[in-house]
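Structure data follow from structure.cif (mmCIF, C-alpha atoms):
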data_start
#
loop_
_atom_site.label_atom_id
_atom_site.label_comp_id
_atom_site.auth_asym_id
_atom_site.auth_seq_id
_atom_site.Cartn_x
_atom_site.Cartn_y
_atom_site.Cartn_z
CA MET Y 1 -27.74 -62.71 -41.47
CA GLU Y 2 -30.25 -65.06 -43.02
CA ALA Y 3 -32.37 -67.65 -41.26
CA ALA Y 4 -32.54 -69.60 -44.52
CA SER Y 5 -28.83 -70.39 -44.33
CA ILE Y 6 -29.35 -71.95 -40.91
CA ALA Y 7 -32.14 -74.06 -42.31
CA ALA Y 8 -29.82 -75.29 -45.03
CA GLY Y 9 -27.47 -76.63 -42.40
CA LEU Y 10 -30.25 -78.12 -40.27
CA PRO Y 11 -32.44 -80.12 -42.68
CA GLN Y 12 -34.27 -81.94 -39.89
CA THR Y 13 -34.66 -78.98 -37.58
CA ARG Y 14 -37.48 -76.60 -36.93
CA LEU Y 15 -36.03 -73.11 -36.73
CA THR Y 16 -37.81 -70.03 -35.45
CA VAL Y 17 -36.26 -66.61 -35.12
CA ALA Y 18 -37.51 -64.30 -32.42
CA SER Y 19 -36.66 -60.98 -30.85
CA HIS Y 20 -36.94 -59.75 -27.29
CA LYS Y 21 -39.05 -56.66 -26.77
CA LEU Y 22 -38.38 -53.94 -24.26
CA SER Y 23 -41.05 -52.77 -21.87
CA SER Y 24 -43.35 -49.91 -22.84
CA SER Y 25 -41.16 -47.40 -21.06
CA SER Y 26 -38.34 -47.79 -23.56
CA SER Y 27 -37.90 -47.97 -27.30
CA LYS Y 28 -37.19 -51.14 -29.22
CA VAL Y 29 -33.66 -50.87 -30.50
CA GLY Y 30 -31.45 -52.84 -32.82
CA SER Y 31 -31.53 -56.59 -32.52
CA VAL Y 32 -30.48 -59.64 -34.44
CA THR Y 33 -33.23 -61.88 -35.71
CA SER Y 34 -31.35 -64.48 -37.69
CA VAL Y 35 -27.86 -65.82 -38.17
CA SER Y 36 -25.90 -67.38 -41.01
CA PHE Y 37 -24.10 -70.33 -39.54
CA LEU Y 38 -24.46 -74.02 -38.69
CA GLU Y 39 -23.60 -75.29 -42.19
CA SER Y 40 -21.92 -78.22 -40.55
CA LEU Y 41 -24.64 -78.93 -38.01
CA SER Y 42 -27.08 -81.75 -38.60
CA ALA Y 43 -29.67 -82.52 -35.92
CA GLN Y 44 -33.39 -82.83 -35.38
CA THR Y 45 -35.18 -80.59 -32.94
CA SER Y 46 -36.79 -77.19 -32.57
CA LEU Y 47 -34.69 -74.06 -32.19
CA VAL Y 48 -35.62 -70.53 -31.27
CA LEU Y 49 -32.95 -67.96 -32.06
CA THR Y 50 -33.39 -65.08 -29.66
CA ALA Y 51 -31.74 -61.70 -29.81
CA SER Y 52 -31.90 -58.51 -27.82
CA PRO Y 53 -30.01 -55.25 -27.96
CA ILE Y 54 -29.55 -54.26 -24.38
CA GLU Y 55 -29.26 -55.58 -20.86
CA LYS Y 56 -31.52 -53.52 -18.60
CA ALA Y 57 -29.79 -50.22 -18.20
CA ALA Y 58 -28.37 -46.20 -19.72
CA PRO Y 59 -25.36 -42.74 -19.98
CA ILE Y 60 -24.71 -39.32 -18.43
CA ASP Y 61 -21.83 -37.05 -17.58
CA ALA Y 62 -19.22 -38.21 -15.13
CA GLY Y 63 -20.73 -36.36 -12.20
CA SER Y 64 -24.02 -38.24 -12.13
CA ARG Y 65 -23.27 -41.75 -13.31
CA GLY Y 66 -23.78 -43.37 -9.96
CA ARG Y 67 -21.83 -44.22 -6.85
CA LYS Y 68 -18.18 -43.37 -7.33
CA ARG Y 69 -16.00 -46.42 -6.99
CA ASN Y 70 -12.34 -47.14 -6.65
CA VAL Y 71 -12.38 -48.54 -10.13
CA VAL Y 72 -9.62 -47.78 -12.60
CA ALA Y 73 -9.80 -48.81 -16.23
CA GLN Y 74 -8.00 -52.12 -16.24
CA SER Y 75 -5.23 -52.96 -18.64
CA PHE Y 76 -4.54 -56.60 -19.46
CA ALA Y 77 -0.95 -56.77 -20.65
CA ALA Y 78 -1.55 -58.68 -23.84
CA PRO Y 79 -3.59 -59.21 -27.06
CA SER Y 80 -7.11 -58.60 -28.36
CA ALA Y 81 -9.50 -58.86 -31.34
CA GLY Y 82 -10.43 -56.80 -34.40
CA ILE Y 83 -11.64 -56.76 -38.02
CA CYS Y 84 -13.42 -53.81 -39.71
CA PRO Y 85 -11.26 -50.70 -39.19
CA PHE Y 86 -11.70 -47.05 -40.18
CA ASP Y 87 -9.34 -47.36 -43.13
CA ARG Y 88 -9.56 -50.70 -44.88
CA THR Y 89 -7.12 -49.91 -47.69
CA SER Y 90 -3.82 -50.32 -45.87
CA SER Y 91 -1.65 -53.33 -46.59
CA PHE Y 92 -0.81 -55.89 -43.92
CA GLN Y 93 2.28 -55.45 -41.79
CA SER Y 94 4.47 -58.24 -40.54
CA GLN Y 95 4.33 -59.30 -36.92
CA SER Y 96 7.88 -58.02 -36.50
CA GLN Y 97 6.69 -54.55 -37.48
CA THR Y 98 3.76 -54.55 -35.05
CA ALA Y 99 6.04 -55.84 -32.30
CA GLU Y 100 8.03 -52.57 -32.50
CA GLU Y 101 4.95 -50.62 -31.51
CA LYS Y 102 2.98 -50.41 -28.30
CA ILE Y 103 -0.30 -51.98 -29.33
CA GLY Y 104 -3.55 -51.63 -27.44
CA LEU Y 105 -6.81 -53.55 -27.68
CA LEU Y 106 -10.01 -51.97 -26.37
CA LEU Y 107 -12.91 -54.33 -25.69
CA LEU Y 108 -16.26 -52.53 -25.59
CA ASN Y 109 -19.30 -53.87 -23.80
CA LEU Y 110 -22.55 -52.69 -22.28
CA GLY Y 111 -21.74 -53.01 -18.59
CA GLY Y 112 -24.11 -53.99 -15.81
CA PRO Y 113 -24.92 -53.21 -12.18
CA GLU Y 114 -22.72 -55.16 -9.80
CA THR Y 115 -25.05 -54.74 -6.82
CA LEU Y 116 -28.76 -54.04 -6.37
CA GLN Y 117 -27.89 -50.48 -5.32
CA ASP Y 118 -26.29 -49.97 -8.73
CA VAL Y 119 -29.44 -50.82 -10.68
CA GLN Y 120 -31.18 -47.44 -10.71
CA PRO Y 121 -28.09 -45.35 -11.62
CA PHE Y 122 -27.19 -47.95 -14.24
CA LEU Y 123 -30.64 -47.61 -15.79
CA PHE Y 124 -30.29 -43.85 -15.66
CA ASN Y 125 -27.06 -44.06 -17.64
CA LEU Y 126 -28.78 -46.24 -20.20
CA PHE Y 127 -31.81 -44.08 -20.82
CA ALA Y 128 -29.80 -40.85 -20.75
CA ASP Y 129 -28.07 -42.10 -23.90
CA PRO Y 130 -29.48 -40.25 -26.93
CA ASP Y 131 -28.87 -43.38 -28.99
CA ILE Y 132 -31.41 -45.20 -26.80
CA ILE Y 133 -34.07 -42.49 -26.50
CA ARG Y 134 -33.87 -39.90 -29.26
CA LEU Y 135 -35.53 -36.59 -28.67
CA PRO Y 136 -35.91 -33.73 -31.17
CA ARG Y 137 -33.32 -31.02 -30.69
CA PRO Y 138 -35.69 -28.54 -28.99
CA PHE Y 139 -36.42 -31.19 -26.35
CA GLN Y 140 -32.98 -32.63 -25.79
CA PHE Y 141 -32.78 -30.77 -22.49
CA LEU Y 142 -35.35 -33.30 -21.25
CA GLN Y 143 -33.00 -36.25 -21.83
CA LYS Y 144 -31.74 -36.52 -18.27
CA PRO Y 145 -35.04 -35.72 -16.53
CA LEU Y 146 -36.73 -38.40 -18.63
CA ALA Y 147 -33.93 -40.84 -17.89
CA GLN Y 148 -34.36 -40.17 -14.19
CA LEU Y 149 -38.10 -40.79 -14.31
CA ILE Y 150 -37.83 -43.97 -16.36
CA SER Y 151 -34.99 -45.39 -14.28
CA VAL Y 152 -36.90 -44.75 -11.05
CA LEU Y 153 -39.98 -46.52 -12.40
CA ARG Y 154 -38.10 -49.49 -13.84
CA ALA Y 155 -35.60 -50.01 -11.04
CA PRO Y 156 -37.87 -52.04 -8.69
CA LYS Y 157 -38.70 -54.63 -11.34
CA SER Y 158 -35.11 -54.75 -12.57
CA LYS Y 159 -33.84 -55.28 -9.03
CA VAL Y 160 -36.03 -58.36 -8.74
CA GLY Y 161 -34.42 -59.76 -11.88
CA TYR Y 162 -30.89 -59.07 -10.72
CA ALA Y 163 -31.65 -60.49 -7.28
CA ALA Y 164 -32.73 -63.71 -8.99
CA ILE Y 165 -29.30 -64.13 -10.61
CA GLY Y 166 -27.25 -63.43 -7.51
CA GLY Y 167 -27.68 -59.72 -6.84
CA GLY Y 168 -25.81 -58.25 -9.80
CA SER Y 169 -24.62 -58.69 -13.36
CA PRO Y 170 -21.70 -61.07 -14.07
CA LEU Y 171 -20.89 -59.16 -17.27
CA ARG Y 172 -17.78 -57.39 -16.04
CA LYS Y 173 -16.26 -60.54 -14.57
CA ILE Y 174 -16.86 -62.47 -17.79
CA THR Y 175 -15.54 -59.63 -19.95
CA ASP Y 176 -12.37 -59.47 -17.85
CA GLU Y 177 -11.94 -63.22 -18.33
CA GLN Y 178 -12.36 -62.80 -22.08
CA ALA Y 179 -9.77 -60.01 -22.05
CA HIS Y 180 -7.24 -62.28 -20.34
CA ALA Y 181 -8.02 -65.12 -22.74
CA ILE Y 182 -7.59 -62.94 -25.84
CA LYS Y 183 -4.37 -61.59 -24.39
CA ASP Y 184 -3.01 -65.12 -23.99
CA ALA Y 185 -4.13 -66.09 -27.51
CA LEU Y 186 -2.34 -63.11 -29.00
CA GLN Y 187 0.74 -63.78 -26.93
CA ALA Y 188 0.80 -67.27 -28.44
CA LYS Y 189 0.99 -65.57 -31.85
CA ASP Y 190 3.96 -63.47 -30.67
CA VAL Y 191 1.86 -60.32 -30.61
CA SER Y 192 2.23 -58.30 -27.42
CA VAL Y 193 -0.82 -56.17 -26.65
CA ASN Y 194 -2.23 -54.22 -23.73
CA VAL Y 195 -5.91 -55.13 -23.40
CA TYR Y 196 -8.43 -52.67 -21.96
CA VAL Y 197 -12.11 -53.07 -21.07
CA GLY Y 198 -14.51 -50.15 -21.51
CA MET Y 199 -18.19 -50.38 -20.51
CA ARG Y 200 -20.81 -48.02 -21.90
CA TYR Y 201 -23.14 -47.70 -18.92
CA TRP Y 202 -21.20 -48.85 -15.85
CA TYR Y 203 -17.72 -49.20 -14.44
CA PRO Y 204 -15.13 -49.24 -15.87
CA PHE Y 205 -16.56 -46.66 -18.27
CA THR Y 206 -15.21 -46.35 -21.81
CA GLU Y 207 -13.88 -42.90 -20.98
CA GLU Y 208 -11.80 -44.37 -18.14
CA ALA Y 209 -10.30 -46.97 -20.47
CA ILE Y 210 -9.46 -44.25 -23.00
CA GLN Y 211 -7.59 -42.24 -20.40
CA GLN Y 212 -5.60 -45.34 -19.43
CA ILE Y 213 -4.75 -45.92 -23.09
CA LYS Y 214 -3.45 -42.37 -23.31
CA LYS Y 215 -1.51 -42.75 -20.06
CA ASP Y 216 0.14 -45.93 -21.36
CA ARG Y 217 1.17 -44.10 -24.56
CA ILE Y 218 -0.30 -46.71 -26.88
CA THR Y 219 0.88 -46.16 -30.47
CA ARG Y 220 -1.67 -48.31 -32.33
CA LEU Y 221 -5.13 -49.35 -31.16
CA VAL Y 222 -7.68 -51.98 -32.18
CA VAL Y 223 -11.24 -51.46 -30.95
CA LEU Y 224 -13.36 -54.60 -30.59
CA PRO Y 225 -17.02 -54.23 -29.56
CA LEU Y 226 -18.17 -57.51 -28.03
CA TYR Y 227 -21.37 -57.55 -30.09
CA PRO Y 228 -21.36 -59.83 -33.16
CA GLN Y 229 -23.63 -57.50 -35.13
CA PHE Y 230 -23.60 -53.72 -35.47
CA SER Y 231 -26.42 -51.78 -33.84
CA ILE Y 232 -26.59 -48.04 -33.34
CA SER Y 233 -27.76 -48.63 -29.76
CA THR Y 234 -24.80 -50.82 -28.79
CA THR Y 235 -21.68 -50.62 -30.96
CA GLY Y 236 -22.78 -47.31 -32.47
CA SER Y 237 -23.27 -45.66 -29.10
CA SER Y 238 -19.86 -46.76 -27.84
CA LEU Y 239 -18.11 -45.65 -31.03
CA ARG Y 240 -19.79 -42.25 -30.81
CA ILE Y 241 -18.23 -41.73 -27.36
CA LEU Y 242 -14.90 -42.97 -28.70
CA GLU Y 243 -14.86 -40.62 -31.68
CA ASN Y 244 -16.01 -37.60 -29.67
CA THR Y 245 -13.32 -38.17 -27.06
CA PHE Y 246 -10.52 -38.82 -29.54
CA SER Y 247 -11.34 -35.84 -31.73
CA LYS Y 248 -10.93 -33.43 -28.80
CA ASP Y 249 -7.53 -34.72 -27.67
CA ALA Y 250 -4.31 -33.86 -29.49
CA TYR Y 251 -2.62 -37.19 -28.70
CA LEU Y 252 -5.61 -39.44 -29.26
CA SER Y 253 -6.67 -37.71 -32.48
CA ARG Y 254 -3.38 -38.80 -34.07
CA LEU Y 255 -3.48 -42.34 -32.69
CA PRO Y 256 -3.94 -44.97 -35.46
CA VAL Y 257 -7.15 -46.85 -34.67
CA SER Y 258 -8.76 -49.87 -36.30
CA VAL Y 259 -12.40 -50.58 -35.38
CA ILE Y 260 -14.02 -53.98 -35.81
CA GLU Y 261 -17.63 -52.92 -36.26
CA SER Y 262 -19.08 -56.44 -36.63
CA TRP Y 263 -17.82 -59.99 -36.88
CA TYR Y 264 -20.87 -62.26 -37.08
CA LYS Y 265 -19.68 -63.74 -40.39
CA ARG Y 266 -16.30 -64.87 -39.10
CA GLN Y 267 -15.86 -68.62 -39.27
CA GLY Y 268 -14.58 -68.84 -35.71
CA TYR Y 269 -17.81 -67.34 -34.38
CA VAL Y 270 -19.94 -69.43 -36.74
CA LYS Y 271 -18.20 -72.68 -35.83
CA SER Y 272 -18.20 -71.94 -32.12
CA MET Y 273 -21.95 -71.28 -32.12
CA ALA Y 274 -22.59 -74.40 -34.20
CA ASP Y 275 -20.55 -76.53 -31.79
CA LEU Y 276 -22.44 -75.21 -28.76
CA ILE Y 277 -25.80 -75.79 -30.42
CA GLU Y 278 -24.87 -79.32 -31.45
CA LYS Y 279 -23.75 -80.09 -27.91
CA GLU Y 280 -27.03 -78.85 -26.44
CA LEU Y 281 -29.08 -80.76 -29.02
CA GLN Y 282 -27.60 -84.01 -27.74
CA THR Y 283 -29.38 -83.46 -24.42
CA PHE Y 284 -32.84 -83.83 -26.01
CA SER Y 285 -34.45 -87.26 -25.96
CA LYS Y 286 -36.61 -86.83 -29.08
CA PRO Y 287 -35.06 -84.27 -31.43
CA ASP Y 288 -37.21 -85.37 -34.36
CA GLU Y 289 -39.70 -82.54 -35.11
CA SER Y 290 -38.76 -80.12 -37.94
CA ARG Y 291 -40.15 -76.99 -39.68
CA VAL Y 292 -38.69 -73.75 -41.09
CA GLY Y 293 -40.48 -70.55 -42.09
CA PRO Y 294 -39.81 -66.88 -42.88
CA VAL Y 295 -40.09 -64.22 -40.20
CA GLN Y 296 -40.30 -60.42 -40.05
CA TRP Y 297 -37.31 -58.42 -38.90
CA LEU Y 298 -37.60 -57.57 -35.19
CA LYS Y 299 -40.56 -59.92 -35.04
CA PRO Y 300 -42.06 -62.19 -33.90
CA TYR Y 301 -41.31 -61.51 -30.25
CA THR Y 302 -39.96 -64.41 -28.26
CA ASP Y 303 -42.88 -64.63 -25.82
CA GLU Y 304 -45.36 -64.73 -28.71
CA VAL Y 305 -43.34 -67.42 -30.47
CA LEU Y 306 -43.26 -69.63 -27.38
CA VAL Y 307 -47.03 -69.56 -27.00
CA GLU Y 308 -47.52 -70.20 -30.72
CA LEU Y 309 -45.12 -73.15 -30.76
CA GLY Y 310 -46.88 -74.65 -27.76
CA LYS Y 311 -50.22 -74.41 -29.55
CA LYS Y 312 -48.70 -76.15 -32.58
CA GLY Y 313 -47.68 -79.13 -30.49
CA VAL Y 314 -43.94 -78.52 -30.21
CA LYS Y 315 -42.63 -80.49 -27.23
CA SER Y 316 -38.87 -79.88 -27.37
CA LEU Y 317 -37.33 -76.44 -27.73
CA LEU Y 318 -33.77 -75.14 -27.70
CA ALA Y 319 -33.25 -71.38 -27.33
CA VAL Y 320 -30.18 -69.90 -29.05
CA PRO Y 321 -29.24 -66.35 -27.96
CA VAL Y 322 -27.17 -65.57 -31.05
CA SER Y 323 -26.28 -61.97 -30.20
CA PHE Y 324 -24.75 -62.54 -26.75
CA VAL Y 325 -21.17 -63.64 -26.09
CA SER Y 326 -21.48 -63.28 -22.30
CA GLU Y 327 -24.02 -64.44 -19.74
CA HIS Y 328 -26.02 -61.58 -18.23
CA ILE Y 329 -29.51 -60.60 -17.08
CA GLU Y 330 -31.24 -61.43 -20.37
CA THR Y 331 -29.81 -64.94 -20.63
CA LEU Y 332 -29.78 -65.88 -16.96
CA GLU Y 333 -33.09 -64.37 -15.91
CA GLU Y 334 -35.22 -63.48 -18.92
CA ILE Y 335 -34.50 -66.57 -21.02
CA ASP Y 336 -33.61 -69.15 -18.37
CA MET Y 337 -36.43 -68.19 -16.00
CA GLU Y 338 -39.18 -66.12 -17.61
CA TYR Y 339 -39.16 -67.71 -21.05
CA ARG Y 340 -38.62 -71.20 -19.70
CA GLU Y 341 -41.65 -70.81 -17.42
CA LEU Y 342 -43.75 -69.47 -20.30
CA ALA Y 343 -42.63 -72.33 -22.56
CA LEU Y 344 -43.63 -74.96 -20.00
CA GLU Y 345 -46.97 -73.25 -19.43
CA SER Y 346 -47.54 -73.29 -23.19
CA GLY Y 347 -47.16 -77.07 -23.42
CA ILE Y 348 -43.48 -77.39 -24.25
CA GLU Y 349 -42.09 -80.28 -22.20
CA SER Y 350 -38.34 -80.22 -22.91
CA TRP Y 351 -36.55 -76.86 -22.76
CA GLY Y 352 -32.90 -76.03 -23.33
CA ARG Y 353 -30.73 -72.97 -23.90
CA VAL Y 354 -27.38 -72.72 -25.65
CA PRO Y 355 -24.86 -71.01 -23.33
CA ALA Y 356 -23.10 -67.80 -24.33
CA LEU Y 357 -19.72 -68.25 -25.99
CA GLY Y 358 -17.76 -66.81 -23.07
CA CYS Y 359 -14.15 -68.01 -23.30
CA THR Y 360 -14.74 -70.88 -25.75
CA SER Y 361 -11.27 -71.54 -27.16
CA SER Y 362 -12.23 -71.51 -30.86
CA PHE Y 363 -14.10 -68.24 -30.37
CA ILE Y 364 -11.25 -66.56 -28.47
CA THR Y 365 -8.69 -67.72 -31.03
CA ASP Y 366 -10.75 -66.28 -33.85
CA LEU Y 367 -11.07 -62.93 -32.08
CA ALA Y 368 -7.30 -62.88 -31.66
CA ASP Y 369 -6.93 -63.56 -35.40
CA ALA Y 370 -9.31 -60.69 -36.10
CA VAL Y 371 -7.14 -58.34 -34.03
CA VAL Y 372 -4.02 -59.29 -35.98
CA GLU Y 373 -5.87 -58.81 -39.27
CA ALA Y 374 -7.13 -55.38 -38.20
CA LEU Y 375 -3.81 -53.91 -37.09
CA PRO Y 376 -2.48 -52.87 -40.52
CA SER Y 377 -5.63 -50.90 -41.29
CA ALA Y 378 -5.36 -48.58 -38.31
CA LYS Y 379 -5.83 -44.90 -39.10
CA ALA Y 380 -6.24 -41.75 -37.04
CA ILE Y 381 -9.90 -41.20 -36.21
CA ALA Y 382 -9.60 -37.48 -36.91
CA ALA Y 383 -8.72 -38.33 -40.51
CA SER Y 384 -11.61 -40.74 -40.96
CA SER Y 385 -14.99 -39.87 -42.40
CA GLY Y 386 -16.82 -40.84 -39.23
CA SER Y 387 -18.48 -44.18 -39.79
CA THR Y 388 -21.04 -43.86 -37.01
CA GLY Y 389 -22.31 -40.36 -37.58
CA GLU Y 390 -25.58 -39.61 -39.26
CA ILE Y 391 -25.83 -37.62 -42.45
CA ASP Y 392 -27.56 -34.43 -41.44
CA ASN Y 393 -30.06 -34.07 -44.24
CA TYR Y 394 -32.65 -31.60 -43.01
CA ASP Y 395 -36.19 -32.70 -43.75
CA PRO Y 396 -38.80 -30.15 -42.56
CA PHE Y 397 -41.62 -32.70 -42.52
CA ARG Y 398 -39.68 -35.26 -40.47
CA TYR Y 399 -38.49 -32.49 -38.15
CA ALA Y 400 -42.11 -31.37 -37.56
CA ILE Y 401 -43.14 -34.96 -36.78
CA LYS Y 402 -40.29 -35.32 -34.30
CA LEU Y 403 -41.21 -32.00 -32.73
CA LEU Y 404 -44.82 -33.08 -32.26
CA PHE Y 405 -43.78 -36.47 -30.88
CA GLY Y 406 -41.32 -34.87 -28.51
CA SER Y 407 -43.95 -32.47 -27.21
CA VAL Y 408 -46.45 -35.24 -26.54
CA LEU Y 409 -43.79 -37.44 -24.92
CA ALA Y 410 -42.64 -34.61 -22.70
CA CYS Y 411 -46.16 -33.86 -21.54
CA VAL Y 412 -46.93 -37.50 -20.81
CA LEU Y 413 -43.74 -38.12 -18.89
CA LEU Y 414 -43.55 -34.86 -17.02
CA PHE Y 415 -47.19 -34.43 -16.10
CA SER Y 416 -48.31 -38.01 -15.57
CA PRO Y 417 -49.38 -38.26 -11.90
CA LYS Y 418 -47.69 -41.62 -11.47
CA MET Y 419 -44.37 -40.42 -12.81
CA PHE Y 420 -44.57 -37.16 -10.89
CA VAL Y 421 -45.12 -39.01 -7.63
CA ALA Y 422 -42.31 -41.46 -8.40
CA PHE Y 423 -39.95 -38.64 -9.23
CA ARG Y 424 -40.93 -36.69 -6.12
CA ASN Y 425 -40.42 -39.74 -3.88
CA GLN Y 426 -37.00 -40.31 -5.44
CA LEU Y 427 -35.95 -36.74 -4.66
CA LEU Y 428 -37.26 -37.02 -1.12
#
Hey, can you dump this file as structure tokens for me?
Amino acid sequence: MEAASIAAGLPQTRLTVASHKLSSSSSKVGSVTSVSFLESLSAQTSLVLTASPIEKAAPIDAGSRGRKRNVVAQSFAAPSAGICPFDRTSSFQSQSQTAEEKIGLLLLNLGGPETLQDVQPFLFNLFADPDIIRLPRPFQFLQKPLAQLISVLRAPKSKVGYAAIGGGSPLRKITDEQAHAIKDALQAKDVSVNVYVGMRYWYPFTEEAIQQIKKDRITRLVVLPLYPQFSISTTGSSLRILENTFSKDAYLSRLPVSVIESWYKRQGYVKSMADLIEKELQTFSKPDESRVGPVQWLKPYTDEVLVELGKKGVKSLLAVPVSFVSEHIETLEEIDMEYRELALESGIESWGRVPALGCTSSFITDLADAVVEALPSAKAIAASSGSTGEIDNYDPFRYAIKLLFGSVLACVLLFSPKMFVAFRNQLL
């Protein structure tokens, strides 16, 4: 996605693209730093497009994911969304053909702690994910111990953030609402679909949704990650779990599946974002300062941009979180509270933030269209080439570097007095 294309649609607007950065205890992972939409938008103000890969959390095996709940993967008896499947060569089928099958739609999302007690195990799940923290093979046995240490250290600060937005993440509630809305939109197109929600790092876990899909004997499945752009740490991580699970099951390995890996270029998403931005721009009293410039990928960081814009005399600023379709900790606390406070301290007088798309009708309708378009391309995962796997080209030099890095990281994390004490206190 190109920032220049936004500038073309906003001739009188100053546009800055910025990325969130994770704290020093985690790695920076995939993020979106620009977006190609707003061709129809014409306004005058300053925008900051912000993007971040993860909420504040990480995975493990079923026995240690956190407090066991009476949570069953939920099926929403109706439609869903999709677009970039495993096999893109199949021809389209008529709606009458798809109606003869039992179609499923799996919505994938990050998940979030629902209570303050959930925060630490949620973070553990996040940092136990090898797609979040990658260790060399000889040190992969340290994945869970490291995740435990990091989650213990980060949990207190994260709890403060979640407490500030009501004591937990609203992500599951919003995702369920989106599932119902997509179901209704598909039903309006005479497409009957069972909709499932699978979270990567909290309940209902993706694995639970998969088992429900199997139990319901779905005959064709569309997988829709609720991330506009593809990132190995979000969509990629969820698809890895999906492929591993399906390949080991006789029924699931034969199930035709169509995966929508990204959909940021779809006109429904583009138009919906443009409409929300235009609406927010109308709340500014003096939207008349403009400037556009190139930026580095993954940089500049949002906090640095805010300070810089304040120094340059920018007085009105509208933040646009382009990579989020649901409100969660990073929009409600990090952007609305932390960044807003920093912006005001930096001299910015008028601050605004474009809301997440949520259940915006044009957005939901477009996702439903994407599901219909994806159905004919469904193909058994076992027969696919594996779109999310890495090509295992052995490079001795890179392997040695990873080995050295892993050794240093292990020593720092395992023998640091602060981390040792934190870990010991957690066990006690």
Show me, as a PDB file with C-alpha atoms, in the coordinates of the input, the residues that have an atom within 10 Å of Leu342 of chain Y when counting all atoms listed in the file, minus same-chain residues fewer than 4 positions from it.
ATOM      1  CA  ASP Y 303     -42.880 -64.630 -25.820  1.00  0.00           C
ATOM      2  CA  GLU Y 304     -45.360 -64.730 -28.710  1.00  0.00           C
ATOM      3  CA  LEU Y 306     -43.260 -69.630 -27.380  1.00  0.00           C
ATOM      4  CA  VAL Y 307     -47.030 -69.560 -27.000  1.00  0.00           C
ATOM      5  CA  GLY Y 310     -46.880 -74.650 -27.760  1.00  0.00           C
ATOM      6  CA  ILE Y 335     -34.500 -66.570 -21.020  1.00  0.00           C
ATOM      7  CA  MET Y 337     -36.430 -68.190 -16.000  1.00  0.00           C
ATOM      8  CA  GLU Y 338     -39.180 -66.120 -17.610  1.00  0.00           C
ATOM      9  CA  SER Y 346     -47.540 -73.290 -23.190  1.00  0.00           C
ATOM     10  CA  GLY Y 347     -47.160 -77.070 -23.420  1.00  0.00           C
ATOM     11  CA  ILE Y 348     -43.480 -77.390 -24.250  1.00  0.00           C
TER      12      ILE Y 348
END
d(atom CA of Ile218 of chain Y, atom CA of Asp369 of chain Y) in Å: 20.0 Å
Target residues per the PyMOL selection byres ((chain Y and resi 246) around 12), formatted as a ChimeraX atom specification: /Y:206-207,210-211,213-214,221,239-245,247-257,380-384,386
Separation of atom CA of Asp216 of chain Y from atom CA of Gly104 of chain Y, in Å and rounded to one decimal: 9.1 Å
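Checking Y:Gln178, Y:Ser237, Y:Gln140, Y:Thr115 one by one against Ser158 of chain Y, counting only C-alpha atoms, you find the shortest gap at Y:Thr115.
Atom CA of Val322 of chain Y lies 20.1 Å from atom CA of Ser350 of chain Y.
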Hits from the PyMOL selection byres ((chain Y and resi 105) around 12), listed as a ChimeraX atom specification: /Y:74-83,102-104,106-108,179-180,182-183,186,191-198,209-210,212-213,218-225,256-260,367-368,370-372,374-375,378
